[in-house]
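These notes are about the structure you will find just below.
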Amino acid sequence: MSEGGKSIEVEPILLREVGEALFRTRPFSGTTPDALSGVERVDRVKIKAGATVAESDQMARFYWLLLEGEVRAERPEKDGSWTPAGFAHAGEGFGEVPLLMGRVPSLMRVMAVQDSVLVRFNEQEFWSLLACCPSVRNVVLADMAQRMQSYQTEALHREKLVSLGTLAAGLMHELHNPGAAAKRAASQLRENLLRLQQLSLRNAAKQKTPEQLQCMRELLEHAVNGCQAPAMSTLEQADAEEAMAEWLASSGVENAFSIAPSLVAIGFSQEELACAKDAFETNNFSDALNWLEALVSSVSLVCAIEESISRVSELVMAVKKFAYDDRSAGRELDVHDSLQSTITILNHKLRTKSISIVKRFEASPSTIMTRGSALSQVWTNLIDNAVDASPAGGQIEVVTWTEPGRLAVSIGDRGSGIPAEVLPHIFEAFFTTKPQGSGTGLGLEIVHRIVTQKFGGTIDVESEPGNTRFIVRLPVKDPPVTAS
């Protein structure tokens, strides 16, 4: 047969026909011909460089032994490319993991790097080999243990990179908005300061009466003491701005409709400004109000910059709490603080799908003891999964409460739910229902391991269409001591 224009030949043969080459391989180096009485026939596969030796379905049905050449295992990525996952050289076997586990750990394929010759054993022949040949069995089991350890180490590393990517994406989105706002406000502030300087020089040339000075002092004190007035509805604010603008215009104030919104935004009323109207002549009153608006606008811009920088500081603190991994004997951790930090980091994903978070933090006390076991990784995986499961415009519920000796956290979504046949497997390593290349199948397994082994807690799931909840229960006393 052929694949992609590359020649692949599959030929059923007697095992003894490749006996000499077989006993030079690592799995069969300690085996005698007499021990192979349980297997008589195998398939010999000759393949040209660049052709596909096997894909996932075949990997689950055959054990392969490479007599000549070299092959490469590859896994798919989200962008459609393939990433090397390992190599096999002449004399090495592969394919034992899916046969012994009963399933393929992940989607993959095996490609020929060079022109190669292999023999493959079907499932029945493979089990006969393990039964009749102790030396083959020892090598196969050792290979499986090493391959599984390597695969799990790499998958854990990939999972950490996914978390890091989520963190980086969150920071990029979250830092962009306050950064852009601060830059915009600083640019406007430069223009305002120039205008304020011009108005100040013009006003300074005119003598002021004690009444005028007292009035401007009071208005100045109001301007610099607050960033904004109490919140108003859109309609209330529009009415207030229109009334202020009309009053200013009727009083002969230049730029009345331009300066009214700034004066209203910081809480000035016509009654407060009346002292200036009474104390100043019309032209001087106009200059005084324009100077006041320039000052008010500048104060508002400084407040905007301060708020933006505060937002950046909050994000930095959230990341610090998110990534904190103290290795000391033990410390108190506020679970509400940990949840809020994780939600802050994932805000960009929530906004992308217009998903709202409903928080009901009812646990009291809300602290537990931790040894830096990356509890934030639990919340990240659960909330991230809830976002993926939620429809656009949906809602995620985060609830905490206390039980005797335990603190409980529930994270729920309104998605389509987890199918009944899938539910028993969701905490198994490498099990995933996500599209090809989109998941390692380790997220919930890591969550389960952290909760149960690091904290001695439990995690349960309740699911039906429109309501899925993961419930984590953590002991409030010291977590069990476990190896790092």
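Just remember, in the structure tokens the first chain shown is A, the second B, etc., residues are 1-based per chain, and ligands are 1-based in the order shown.
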Tell me, which residues of range 360-468 of chain A carry DSSP alpha helix (DSSP H), written as a PyMOL selection string?
chain A and resi 375-389+443-449
I need the residues from that last selection saved to file as an mmCIF file, in the first residue's frame (with C-alpha atoms), if you can.
```
data_model
loop_
_atom_site.group_PDB
_atom_site.id
_atom_site.type_symbol
_atom_site.label_atom_id
_atom_site.label_comp_id
_atom_site.auth_asym_id
_atom_site.auth_seq_id
_atom_site.Cartn_x
_atom_site.Cartn_y
_atom_site.Cartn_z
ATOM 1 C CA LEU A 375 -3.759 26.789 45.177
ATOM 2 C CA SER A 376 -4.207 29.539 42.582
ATOM 3 C CA GLN A 377 -3.613 26.895 39.923
ATOM 4 C CA VAL A 378 -6.759 25.130 41.152
ATOM 5 C CA TRP A 379 -8.870 28.276 40.755
ATOM 6 C CA THR A 380 -7.276 29.107 37.386
ATOM 7 C CA ASN A 381 -8.101 25.704 35.908
ATOM 8 C CA LEU A 382 -11.650 25.616 37.287
ATOM 9 C CA ILE A 383 -12.578 29.194 36.336
ATOM 10 C CA ASP A 384 -10.869 28.904 32.944
ATOM 11 C CA ASN A 385 -12.826 25.709 32.225
ATOM 12 C CA ALA A 386 -16.037 27.430 33.354
ATOM 13 C CA VAL A 387 -15.351 30.278 30.913
ATOM 14 C CA ASP A 388 -14.818 27.777 28.077
ATOM 15 C CA ALA A 389 -18.058 25.964 28.977
ATOM 16 C CA GLY A 443 -5.702 20.301 34.035
ATOM 17 C CA LEU A 444 -8.338 18.609 36.194
ATOM 18 C CA GLU A 445 -5.935 15.812 37.166
ATOM 19 C CA ILE A 446 -3.569 18.474 38.563
ATOM 20 C CA VAL A 447 -6.497 20.167 40.335
ATOM 21 C CA HIS A 448 -7.514 16.838 41.910
ATOM 22 C CA ARG A 449 -3.934 16.068 42.968
#
```
Per residue of range 247-365 of chain A within 12 Å of range 187-202 of chain A, which atom pair is closest and at what distance in Å (one decimal), using only C-alpha atoms, listed by chain and increasing number, as a tab-separated table?
```
residue	atom	partner	partner_atom	distance
A:Asn283	CA	A:Arg202	CA	11.8
A:Asn284	CA	A:Arg202	CA	10.0
A:Ser286	CA	A:Leu199	CA	10.7
A:Asp287	CA	A:Leu199	CA	7.1
A:Ala288	CA	A:Leu199	CA	8.3
A:Leu289	CA	A:Leu199	CA	10.1
A:Asn290	CA	A:Leu199	CA	7.7
A:Trp291	CA	A:Leu199	CA	5.7
A:Leu292	CA	A:Leu196	CA	8.7
A:Glu293	CA	A:Leu196	CA	8.9
A:Ala294	CA	A:Leu196	CA	5.6
A:Leu295	CA	A:Leu196	CA	6.7
A:Val296	CA	A:Asn192	CA	9.8
A:Ser297	CA	A:Asn192	CA	7.4
A:Ser298	CA	A:Leu189	CA	5.8
A:Val299	CA	A:Leu189	CA	8.8
A:Ser300	CA	A:Leu189	CA	9.2
A:Leu301	CA	A:Leu189	CA	6.2
A:Val302	CA	A:Leu189	CA	7.6
A:Cys303	CA	A:Leu189	CA	10.9
A:Ala304	CA	A:Leu189	CA	10.4
A:Ile305	CA	A:Leu189	CA	9.8
```
Since we have the selection now, will you write its residues out, keeping C-alpha atoms, as a CSV table (one decimal), in the first residue's frame?
```csv
chain,number,residue,atom,x,y,z
A,283,ASN,CA,-15.5,89.9,31.9
A,284,ASN,CA,-13.5,89.0,35.0
A,286,SER,CA,-15.7,84.7,32.6
A,287,ASP,CA,-11.9,84.6,33.0
A,288,ALA,CA,-12.2,83.3,36.6
A,289,LEU,CA,-14.6,80.5,35.6
A,290,ASN,CA,-12.4,79.4,32.6
A,291,TRP,CA,-9.3,79.4,35.0
A,292,LEU,CA,-11.3,77.3,37.5
A,293,GLU,CA,-12.4,74.8,34.8
A,294,ALA,CA,-8.8,74.5,33.6
A,295,LEU,CA,-7.7,73.7,37.1
A,296,VAL,CA,-10.7,71.3,37.7
A,297,SER,CA,-9.9,69.5,34.4
A,298,SER,CA,-6.2,69.2,35.4
A,299,VAL,CA,-7.2,67.8,38.8
A,300,SER,CA,-9.5,65.2,37.1
A,301,LEU,CA,-6.7,64.2,34.7
A,302,VAL,CA,-4.3,63.7,37.6
A,303,CYS,CA,-7.0,61.6,39.3
A,304,ALA,CA,-7.3,59.5,36.1
A,305,ILE,CA,-3.5,59.0,36.1
```
Non-local contacts of Ile418 in chain A (7 Å; only C-alpha atoms; under 5 positions in same chain excluded) as a PyMOL selection string:
chain A and resi 423+463-464
Could you save the residues just selected, with C-alpha atoms, as a JSON list (two decimals), in the first residue's frame?
```json
[["chain", "number", "residue", "atom", "x", "y", "z"],
["A", 423, "LEU", "CA", -18.16, 12.42, 34.21],
["A", 463, "SER", "CA", -23.50, 18.54, 36.44],
["A", 464, "GLU", "CA", -26.67, 18.82, 34.44]]
```
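Put simply, CA of Val45 in chain A is 22.1 Å away from CA of Arg75 in chain A.
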Please report, as a Markdown table, each residue of range 66-115 of chain A lying at most 9 Å from range 140-144 of chain A, together with the nearest pair of atoms and the separation in Å rounded to one decimal; use only C-alpha atoms, and order rows by chain and ascending residue number.
```
| residue | atom | partner | partner_atom | distance |
| --- | --- | --- | --- | --- |
| A:Gly93 | CA | A:Val140 | CA | 8.0 |
| A:Phe94 | CA | A:Asp143 | CA | 8.2 |
| A:Gly95 | CA | A:Met144 | CA | 8.9 |
| A:Glu96 | CA | A:Met144 | CA | 6.4 |
| A:Val97 | CA | A:Met144 | CA | 5.6 |
| A:Leu100 | CA | A:Met144 | CA | 8.5 |
```
Write out, as a PDB file, in the first residue's frame, the residues just selected, with C-alpha atoms.
```pdb
ATOM      1  CA  GLY A  93      10.550  -1.000  20.402  1.00  0.00           C
ATOM      2  CA  PHE A  94       7.557   1.308  20.844  1.00  0.00           C
ATOM      3  CA  GLY A  95       3.772   1.161  21.133  1.00  0.00           C
ATOM      4  CA  GLU A  96       3.597  -0.694  24.452  1.00  0.00           C
ATOM      5  CA  VAL A  97       1.994   2.214  26.344  1.00  0.00           C
ATOM      6  CA  LEU A 100      -0.902  -1.751  28.329  1.00  0.00           C
TER       7      LEU A 100
END
```
What's the 12 Å shell around Glu306 in chain A, counting only C-alpha atoms, without same-chain residues fewer than 2 positions away, as a PyMOL selection string?
chain A and resi 178-179+181-183+185-186+227+299-304+308-313
For the residues in that selection, give me N, CA and C atoms as a PDB file, in the first residue's frame.
```pdb
ATOM      1  N   PRO A 178      -5.254  50.551  31.516  1.00  0.00           N
ATOM      2  CA  PRO A 178      -4.795  51.651  32.386  1.00  0.00           C
ATOM      3  C   PRO A 178      -3.575  52.358  31.819  1.00  0.00           C
ATOM      4  N   GLY A 179      -2.701  51.650  31.113  1.00  0.00           N
ATOM      5  CA  GLY A 179      -1.532  52.283  30.506  1.00  0.00           C
ATOM      6  C   GLY A 179      -1.941  53.300  29.456  1.00  0.00           C
ATOM      7  N   ALA A 181      -4.884  54.753  29.228  1.00  0.00           N
ATOM      8  CA  ALA A 181      -5.622  55.837  29.886  1.00  0.00           C
ATOM      9  C   ALA A 181      -4.660  56.840  30.518  1.00  0.00           C
ATOM     10  N   ALA A 182      -3.610  56.350  31.166  1.00  0.00           N
ATOM     11  CA  ALA A 182      -2.634  57.245  31.800  1.00  0.00           C
ATOM     12  C   ALA A 182      -1.899  58.073  30.744  1.00  0.00           C
ATOM     13  N   LYS A 183      -1.545  57.427  29.625  1.00  0.00           N
ATOM     14  CA  LYS A 183      -0.852  58.150  28.554  1.00  0.00           C
ATOM     15  C   LYS A 183      -1.750  59.245  27.969  1.00  0.00           C
ATOM     16  N   ALA A 185      -4.304  60.748  29.473  1.00  0.00           N
ATOM     17  CA  ALA A 185      -4.512  61.792  30.477  1.00  0.00           C
ATOM     18  C   ALA A 185      -3.281  62.689  30.596  1.00  0.00           C
ATOM     19  N   ALA A 186      -2.083  62.102  30.518  1.00  0.00           N
ATOM     20  CA  ALA A 186      -0.855  62.890  30.618  1.00  0.00           C
ATOM     21  C   ALA A 186      -0.740  63.863  29.445  1.00  0.00           C
ATOM     22  N   CYS A 227     -11.886  64.007  43.363  1.00  0.00           N
ATOM     23  CA  CYS A 227     -11.680  63.667  41.953  1.00  0.00           C
ATOM     24  C   CYS A 227     -12.979  63.728  41.170  1.00  0.00           C
ATOM     25  N   VAL A 299      -7.029  68.630  37.598  1.00  0.00           N
ATOM     26  CA  VAL A 299      -7.165  67.752  38.771  1.00  0.00           C
ATOM     27  C   VAL A 299      -7.794  66.422  38.362  1.00  0.00           C
ATOM     28  N   SER A 300      -8.827  66.474  37.509  1.00  0.00           N
ATOM     29  CA  SER A 300      -9.483  65.243  37.052  1.00  0.00           C
ATOM     30  C   SER A 300      -8.509  64.350  36.288  1.00  0.00           C
ATOM     31  N   LEU A 301      -7.641  64.970  35.470  1.00  0.00           N
ATOM     32  CA  LEU A 301      -6.658  64.190  34.708  1.00  0.00           C
ATOM     33  C   LEU A 301      -5.620  63.570  35.631  1.00  0.00           C
ATOM     34  N   VAL A 302      -5.201  64.314  36.652  1.00  0.00           N
ATOM     35  CA  VAL A 302      -4.276  63.743  37.638  1.00  0.00           C
ATOM     36  C   VAL A 302      -4.928  62.552  38.345  1.00  0.00           C
ATOM     37  N   CYS A 303      -6.217  62.697  38.667  1.00  0.00           N
ATOM     38  CA  CYS A 303      -6.956  61.597  39.299  1.00  0.00           C
ATOM     39  C   CYS A 303      -7.015  60.380  38.381  1.00  0.00           C
ATOM     40  N   ALA A 304      -7.212  60.630  37.079  1.00  0.00           N
ATOM     41  CA  ALA A 304      -7.260  59.521  36.118  1.00  0.00           C
ATOM     42  C   ALA A 304      -5.923  58.802  36.049  1.00  0.00           C
ATOM     43  N   SER A 308      -5.217  54.968  37.154  1.00  0.00           N
ATOM     44  CA  SER A 308      -4.598  54.017  36.227  1.00  0.00           C
ATOM     45  C   SER A 308      -3.394  53.346  36.867  1.00  0.00           C
ATOM     46  N   ILE A 309      -2.570  54.157  37.554  1.00  0.00           N
ATOM     47  CA  ILE A 309      -1.387  53.583  38.212  1.00  0.00           C
ATOM     48  C   ILE A 309      -1.810  52.649  39.342  1.00  0.00           C
ATOM     49  N   SER A 310      -2.858  53.013  40.055  1.00  0.00           N
ATOM     50  CA  SER A 310      -3.373  52.135  41.114  1.00  0.00           C
ATOM     51  C   SER A 310      -3.835  50.803  40.531  1.00  0.00           C
ATOM     52  N   ARG A 311      -4.471  50.875  39.360  1.00  0.00           N
ATOM     53  CA  ARG A 311      -4.924  49.646  38.692  1.00  0.00           C
ATOM     54  C   ARG A 311      -3.739  48.764  38.320  1.00  0.00           C
ATOM     55  N   VAL A 312      -2.670  49.382  37.821  1.00  0.00           N
ATOM     56  CA  VAL A 312      -1.455  48.619  37.492  1.00  0.00           C
ATOM     57  C   VAL A 312      -0.892  47.975  38.760  1.00  0.00           C
ATOM     58  N   SER A 313      -0.861  48.737  39.849  1.00  0.00           N
ATOM     59  CA  SER A 313      -0.350  48.202  41.123  1.00  0.00           C
ATOM     60  C   SER A 313      -1.199  47.029  41.601  1.00  0.00           C
TER      61      SER A 313
END
```
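Here CA of Arg360 in chain A is placed at a distance of 17.4 Å from CA of Leu474 in chain A.
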